[in-house]
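Raw upload_26.cif, mmCIF, C-alpha atoms:
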```
data_query
loop_
_atom_site.label_atom_id
_atom_site.label_comp_id
_atom_site.auth_asym_id
_atom_site.auth_seq_id
_atom_site.Cartn_x
_atom_site.Cartn_y
_atom_site.Cartn_z
CA MET A 217 256.37 40.37 -82.04
CA SER A 218 257.01 41.09 -85.71
CA GLU A 219 256.01 44.70 -85.97
CA THR A 220 256.39 45.81 -89.56
CA LYS A 221 255.30 48.75 -91.63
CA THR A 222 252.64 46.73 -93.44
CA HIS A 223 249.07 47.60 -92.59
CA LYS A 224 247.77 44.67 -90.63
CA LYS A 225 244.43 45.12 -88.88
CA ARG A 226 245.41 45.74 -85.31
CA ASP A 227 243.30 45.93 -82.19
CA ILE A 228 244.86 48.15 -79.54
CA PHE A 229 242.35 47.26 -76.83
CA VAL A 230 243.03 44.97 -73.91
CA GLU A 231 240.46 43.99 -71.34
CA GLY A 232 241.37 45.33 -67.90
CA PRO A 233 244.60 46.98 -66.75
CA ILE A 234 247.90 46.68 -68.61
CA ASP A 235 250.11 44.28 -66.69
CA PRO A 236 253.63 45.61 -66.01
CA ALA A 237 254.88 42.11 -66.87
CA PHE A 238 253.43 42.55 -70.37
CA ILE A 239 255.45 45.75 -70.72
CA ALA A 240 258.62 43.96 -69.64
CA GLU A 241 257.93 41.17 -72.15
CA SER A 242 257.33 43.73 -74.91
CA ILE A 243 260.73 45.26 -74.23
CA ALA A 244 262.43 41.85 -74.10
CA LYS A 245 261.02 40.88 -77.51
CA HIS A 246 263.18 43.56 -79.13
CA SER A 247 266.50 42.07 -78.08
CA THR A 248 266.91 40.36 -81.46
CA LYS A 249 266.53 43.65 -83.38
CA HIS A 250 270.05 44.96 -83.44
CA ASP A 251 269.30 48.11 -85.44
CA ILE A 252 267.48 49.49 -82.39
CA GLY A 253 269.48 51.77 -80.11
CA ALA A 254 266.68 53.48 -78.18
CA HIS A 255 263.31 52.60 -76.69
CA GLU A 256 260.86 55.26 -75.56
CA ILE A 257 257.76 54.45 -73.51
CA PHE A 258 254.74 56.38 -72.28
CA LEU A 259 252.52 54.79 -69.64
CA GLY A 260 249.19 56.20 -68.57
CA GLN A 261 248.11 55.40 -65.01
CA VAL A 262 244.69 56.02 -63.46
CA ARG A 263 244.98 58.87 -60.97
CA ALA A 264 242.92 59.15 -57.79
CA ASP A 265 241.73 62.69 -58.49
CA GLU A 266 239.95 64.41 -55.66
CA LEU A 267 236.82 66.32 -56.61
CA LYS A 268 234.86 68.75 -54.49
CA SER A 269 231.59 68.93 -56.40
CA PRO A 270 231.49 66.47 -59.25
CA GLN A 271 228.73 66.70 -61.81
CA GLY A 272 226.50 63.77 -62.53
CA MET A 273 226.86 62.25 -59.09
CA ALA A 274 224.11 59.72 -59.19
CA THR A 275 223.93 58.64 -55.57
CA ARG A 276 224.70 61.70 -53.50
CA GLY A 277 221.21 63.14 -53.57
CA PRO A 278 220.40 66.83 -53.89
CA ALA A 279 223.13 69.37 -53.28
CA THR A 280 223.15 70.33 -49.62
CA GLY A 281 226.05 72.74 -49.60
CA ASN A 282 227.88 70.15 -47.53
CA GLN A 283 230.08 68.85 -50.29
CA GLN A 284 232.45 66.18 -49.07
CA PRO A 285 235.51 65.78 -51.22
CA THR A 286 235.41 62.54 -53.08
CA THR A 287 238.10 60.55 -54.81
CA VAL A 288 238.22 58.72 -58.12
CA GLN A 289 238.68 55.04 -57.33
CA ALA A 290 238.58 53.73 -60.91
CA ILE A 291 237.86 54.65 -64.51
CA GLU A 292 235.64 52.46 -66.64
CA TYR A 293 236.78 52.76 -70.26
CA THR A 294 234.54 52.02 -73.21
CA ALA A 295 235.35 52.67 -76.86
CA TYR A 296 233.94 52.81 -80.34
CA ARG A 297 236.43 50.12 -81.11
CA ASP A 298 236.29 49.93 -84.92
CA MET A 299 236.66 53.67 -85.33
CA ALA A 300 239.38 53.86 -82.67
CA ASN A 301 241.42 51.16 -84.41
CA GLU A 302 241.01 52.93 -87.77
CA GLN A 303 242.14 56.22 -86.25
CA MET A 304 245.09 54.43 -84.66
CA ALA A 305 246.10 52.97 -88.03
CA ALA A 306 246.13 56.50 -89.49
CA ILE A 307 248.19 57.86 -86.56
CA ARG A 308 250.60 54.93 -86.95
CA GLU A 309 251.11 55.76 -90.64
CA GLU A 310 251.70 59.41 -89.79
CA ALA A 311 254.31 58.46 -87.18
CA PHE A 312 256.16 56.09 -89.56
CA ALA A 313 256.08 58.77 -92.29
CA ARG A 314 257.55 61.41 -89.98
CA TRP A 315 260.17 59.52 -88.00
CA PRO A 316 262.47 56.63 -88.94
CA ILE A 317 261.23 54.43 -86.12
CA THR A 318 261.75 50.68 -86.20
CA CYS A 319 258.50 49.81 -84.48
CA LEU A 320 255.55 51.21 -82.61
CA HIS A 321 253.22 49.45 -80.18
CA VAL A 322 250.10 50.97 -78.67
CA HIS A 323 247.73 49.36 -76.18
CA HIS A 324 244.73 50.84 -74.34
CA SER A 325 242.55 49.33 -71.66
CA GLN A 326 238.84 48.68 -71.76
CA GLY A 327 236.74 47.97 -68.68
CA ILE A 328 237.31 49.02 -65.08
CA ILE A 329 240.84 50.20 -64.26
CA LYS A 330 241.53 51.05 -60.62
CA ALA A 331 243.59 54.02 -59.44
CA GLY A 332 247.25 53.10 -59.66
CA GLU A 333 246.75 50.64 -62.51
CA LEU A 334 248.02 51.22 -66.04
CA CYS A 335 245.55 51.96 -68.83
CA PHE A 336 247.69 53.17 -71.75
CA PHE A 337 251.01 51.97 -73.20
CA VAL A 338 252.86 53.63 -76.09
CA PHE A 339 256.20 52.15 -77.08
CA ALA A 340 258.45 53.22 -79.98
CA SER A 341 261.94 52.03 -80.86
CA SER A 342 264.50 53.56 -83.18
CA ALA A 343 268.21 53.75 -83.87
CA HIS A 344 268.63 56.93 -81.81
CA ARG A 345 266.66 58.40 -78.91
CA GLN A 346 265.34 61.62 -80.43
CA MET A 347 263.06 60.04 -83.04
CA ALA A 348 261.55 57.49 -80.67
CA ARG A 349 260.99 60.26 -78.13
CA GLU A 350 259.24 62.54 -80.62
CA ALA A 351 257.16 59.72 -82.09
CA VAL A 352 255.90 58.64 -78.65
CA ALA A 353 254.99 62.22 -77.73
CA TYR A 354 253.10 62.64 -81.00
CA VAL A 355 251.27 59.31 -80.85
CA THR A 356 250.30 59.81 -77.19
CA ASP A 357 248.79 63.25 -77.89
CA GLU A 358 247.00 62.14 -81.06
CA VAL A 359 245.49 59.07 -79.38
CA LYS A 360 244.07 61.30 -76.64
CA LYS A 361 242.63 63.71 -79.24
CA ARG A 362 241.39 61.39 -81.97
CA LEU A 363 240.40 58.01 -80.58
CA PRO A 364 236.75 57.63 -79.52
CA ILE A 365 237.45 56.28 -76.05
CA PHE A 366 235.17 57.23 -73.16
CA GLY A 367 235.99 57.21 -69.46
CA LYS A 368 233.57 56.98 -66.55
CA GLU A 369 235.27 58.16 -63.35
CA ILE A 370 233.85 56.09 -60.53
CA PHE A 371 233.98 57.70 -57.09
CA GLN A 372 234.76 56.19 -53.76
CA GLY A 373 231.43 55.59 -52.04
CA GLY A 374 229.35 55.76 -55.23
CA GLY A 375 228.56 58.18 -58.01
CA HIS A 376 230.45 58.92 -61.17
CA GLN A 377 231.22 61.53 -63.79
CA TRP A 378 232.39 61.35 -67.39
CA LYS A 379 236.00 62.28 -67.98
CA HIS A 380 237.00 64.33 -70.98
CA ASN A 381 240.41 65.17 -72.34
CA THR A 382 241.28 68.83 -72.57
CA MET B 960 219.33 52.99 -89.52
CA ASP B 961 221.18 51.80 -86.50
CA VAL B 962 222.69 54.58 -84.38
CA LYS B 963 225.37 53.64 -81.85
CA LEU B 964 225.48 55.64 -78.63
CA PHE B 965 228.42 55.91 -76.27
CA GLY B 966 229.39 57.16 -72.82
CA LEU B 967 227.31 59.94 -71.33
CA ILE B 968 224.94 59.91 -74.35
CA ALA B 969 224.20 56.18 -73.96
CA GLU B 970 223.63 56.83 -70.26
CA LYS B 971 221.15 59.67 -70.96
CA ALA B 972 219.39 57.63 -73.64
CA GLY B 973 219.27 54.50 -71.46
CA THR B 974 220.47 52.44 -74.44
CA GLU B 975 223.54 51.91 -76.62
CA ARG B 976 221.56 51.58 -79.85
CA MET B 977 218.69 53.39 -81.47
CA GLN B 978 216.79 52.68 -84.69
CA LEU B 979 215.83 55.81 -86.62
CA SER B 980 215.48 56.79 -90.23
CA ALA B 981 216.39 60.15 -91.73
CA PRO B 982 217.35 61.43 -95.20
CA ASP B 983 220.42 63.31 -93.95
CA THR B 984 222.47 63.95 -90.83
CA ASP B 985 220.71 67.23 -89.91
CA ALA B 986 217.35 65.45 -89.89
CA LEU B 987 218.87 62.55 -87.97
CA LEU B 988 220.23 64.89 -85.30
CA ARG B 989 216.82 66.55 -84.91
CA ALA B 990 215.25 63.12 -84.44
CA LEU B 991 217.95 62.11 -81.95
CA GLU B 992 217.45 65.31 -79.96
CA GLN B 993 213.78 64.39 -79.61
CA HIS B 994 214.60 60.90 -78.39
CA ILE B 995 217.48 61.65 -76.04
CA PRO B 996 216.72 64.00 -73.17
CA GLY B 997 219.20 66.87 -72.89
CA LEU B 998 221.17 65.93 -76.02
CA SER B 999 221.02 69.45 -77.46
CA SER B 1000 222.87 70.80 -74.40
CA LEU B 1001 225.62 68.18 -74.59
CA SER B 1002 228.87 68.32 -76.46
CA TYR B 1003 229.14 65.54 -79.04
CA ALA B 1004 230.32 64.62 -82.53
CA LEU B 1005 228.51 62.59 -85.17
CA ALA B 1006 230.39 59.86 -87.03
CA VAL B 1007 229.23 58.40 -90.34
CA ASP B 1008 231.03 55.21 -91.34
CA ARG B 1009 233.57 55.82 -88.56
CA LYS B 1010 234.48 59.34 -89.70
CA ILE B 1011 233.40 62.51 -87.95
CA VAL B 1012 231.17 64.71 -90.09
CA ARG B 1013 230.44 68.36 -89.35
CA ASP B 1014 228.40 69.38 -92.39
CA ASN B 1015 225.05 67.95 -93.41
CA VAL B 1016 225.54 64.64 -95.22
CA LYS B 1017 222.93 62.65 -97.17
CA LEU B 1018 222.17 59.21 -95.77
CA GLY B 1019 221.19 56.16 -97.79
CA GLY B 1020 220.28 54.04 -94.77
CA GLY B 1021 223.17 51.59 -94.83
CA GLU B 1022 225.67 53.81 -93.03
CA GLU B 1023 227.19 53.14 -89.64
CA ILE B 1024 226.18 56.09 -87.47
CA ALA B 1025 227.54 56.93 -84.02
CA LEU B 1026 227.09 59.73 -81.53
CA LEU B 1027 230.31 60.43 -79.69
CA PRO B 1028 230.64 62.40 -76.46
CA PRO B 1029 234.02 64.02 -75.65
CA PHE B 1030 236.97 61.62 -75.83
CA ALA B 1031 238.78 60.53 -72.69
CA GLY B 1032 241.41 58.04 -73.77
CA GLY B 1033 244.92 57.88 -72.41
#
```

Would you write the structure of this file as structure tokens?
Amino acid sequence: MSETKTHKKRDIFVEGPIDPAFIAESIAKHSTKHDIGAHEIFLGQVRADELKSPQGMATRGPATGNQQPTTVQAIEYTAYRDMANEQMAAIREEAFARWPITCLHVHHSQGIIKAGELCFFVFASSAHRQMAREAVAYVTDEVKKRLPIFGKEIFQGGGHQWKHNT
Amino acid sequence: MDVKLFGLIAEKAGTERMQLSAPDTDALLRALEQHIPGLSSLSYALAVDRKIVRDNVKLGGGEEIALLPPFAGG
């Protein structure tokens, strides 16, 4: 993977979960870059949140006061893809301007991702650990804030609600 | 103009696209609020040509418009 600082049009979206094997391959591809001394990775995984009284439950009928806890079994991600990729390009430039990182890779899932599966992969490499670490933290936070990605939390046994980042 | 709808807003509208015409974004939002039940009580941002706009902006008709509910990536 020849990641350079030129501004190629990149698409960060992958259909379905991010395969751990893909992450391993991404790491392995850097073995020829001998100026790298540190890799930093953030992985987002879908969590089986338990909710007592979710809003927007489509199939549970009127509230009865007998609210069974329910669990998130998957998140269905959709995105305004063109805008998200443009925002990502801007965040990428900011990261390269702030830290002397060698490369930066970002991937986000689209479609249904089950609890326990990976949906978000941020990977930066640099000569020393501190810059890769700071760049990954920055990029992760900015992606959550600025990319128009939408998440439908699908409950065990039916119903859903729309996730939003806080 | 073609308005793209996403997430909860697309769900409320029952569609991911809407055709409307308006001279500026304020007028467009008023029209959208009439067409999408409950929109005025939802939290959302308006994007013109893939950039979020907060003030009223004039529209020529060729812009790419999108209504964006709260983001949930990551």

For this session: For chain B, work out the contacting residues on chain A at 10 Å, counting only C-alpha atoms, and write them as a ChimeraX atom specification.
Result: /A:258-262,272,292-300,302-303,323-326,334-338,356-368,377-382

Seminar exercise, completed: Using all atoms listed in the file, the shortest atom-to-atom distance to Asp961 in chain B among B:Ser999, B:Ser980, B:Thr974, B:Asn1015 belongs to B:Ser980

For this session: Enter the distance from CA of Glu1023 in chain B to CA of Gly973 in chain B, in Å, rounded to one decimal.
Result: 19.9 Å

Quick one: axis-aligned box around all listed atoms of range 979-994 of chain B, 5 Å on every side, centre and edge lengths in Å to one decimal, written as JSON.
```
{"center_x": 218.1, "center_y": 61.5, "center_z": -86.8, "size_x": 18.7, "size_y": 21.4, "size_z": 26.8}
```

Exercise. Do you have the CA of Ile291 in chain A-CA of Lys971 in chain B distance handy?
Worked result: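 Value for the CA of Ile291 in chain A-CA of Lys971 in chain B distance: 18.6 Å.
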
Problem set entry | Exercise: Gly1019 in chain B partners within 10 Å, only C-alpha atoms, chain neighbours under 6 positions left out, as a list of chain:residue names |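 In the requested form, the answer reads B:Met960, B:Ser980, B:Ala981, B:Pro982, B:Asp983.
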
Exercise. Interatomic distance between CA of Thr318 in chain A and CA of Ala305 in chain A?
Worked result: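 For CA of Thr318 in chain A relative to CA of Ala305 in chain A, the distance reads 15.9 Å.
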
For this session: Do a neighbour search on Arg263 in chain A at 8 Å with all atoms listed in the file, toss out local chain neighbours closer than 2 positions, and write the hits as a ChimeraX atom specification.
Result: /A:261,265,288,331-332

Produce a file of the selected residues containing C-alpha atoms, as a PDB file, keeping the file's coordinate frame.
```pdb
ATOM      1  CA  GLN A 261     248.110  55.400 -65.010  1.00  0.00           C
ATOM      2  CA  ASP A 265     241.730  62.690 -58.490  1.00  0.00           C
ATOM      3  CA  VAL A 288     238.220  58.720 -58.120  1.00  0.00           C
ATOM      4  CA  ALA A 331     243.590  54.020 -59.440  1.00  0.00           C
ATOM      5  CA  GLY A 332     247.250  53.100 -59.660  1.00  0.00           C
TER       6      GLY A 332
END
```

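Contact shell of Leu979 in chain B at 12 Å (all atoms listed in the file; same-chain neighbours under 6 positions omitted): Met960, Asp961, Val962, Lys963, Ala986, Leu987, Leu988, Arg989, Ala990, Leu991, Glu992, Gln993, His994, Leu1018, Gly1020, Gly1021, Glu1022 and Ile1024 of chain B.
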
Problem set entry | Point (248.3, 50.2, -81.0) neighbourhood (7 Å, all atoms listed in the file) written as a ChimeraX atom specification | /A:226-228,304,321-323

Problem set entry | Who sits within 8 Å of Val355 in chain A, all atoms listed in the file, same chain under 5 positions skipped, as a list in words |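 Near neighbours after the sequence-gap exclusion: Ile307, Arg308, Ala311 and Val338 of chain A.
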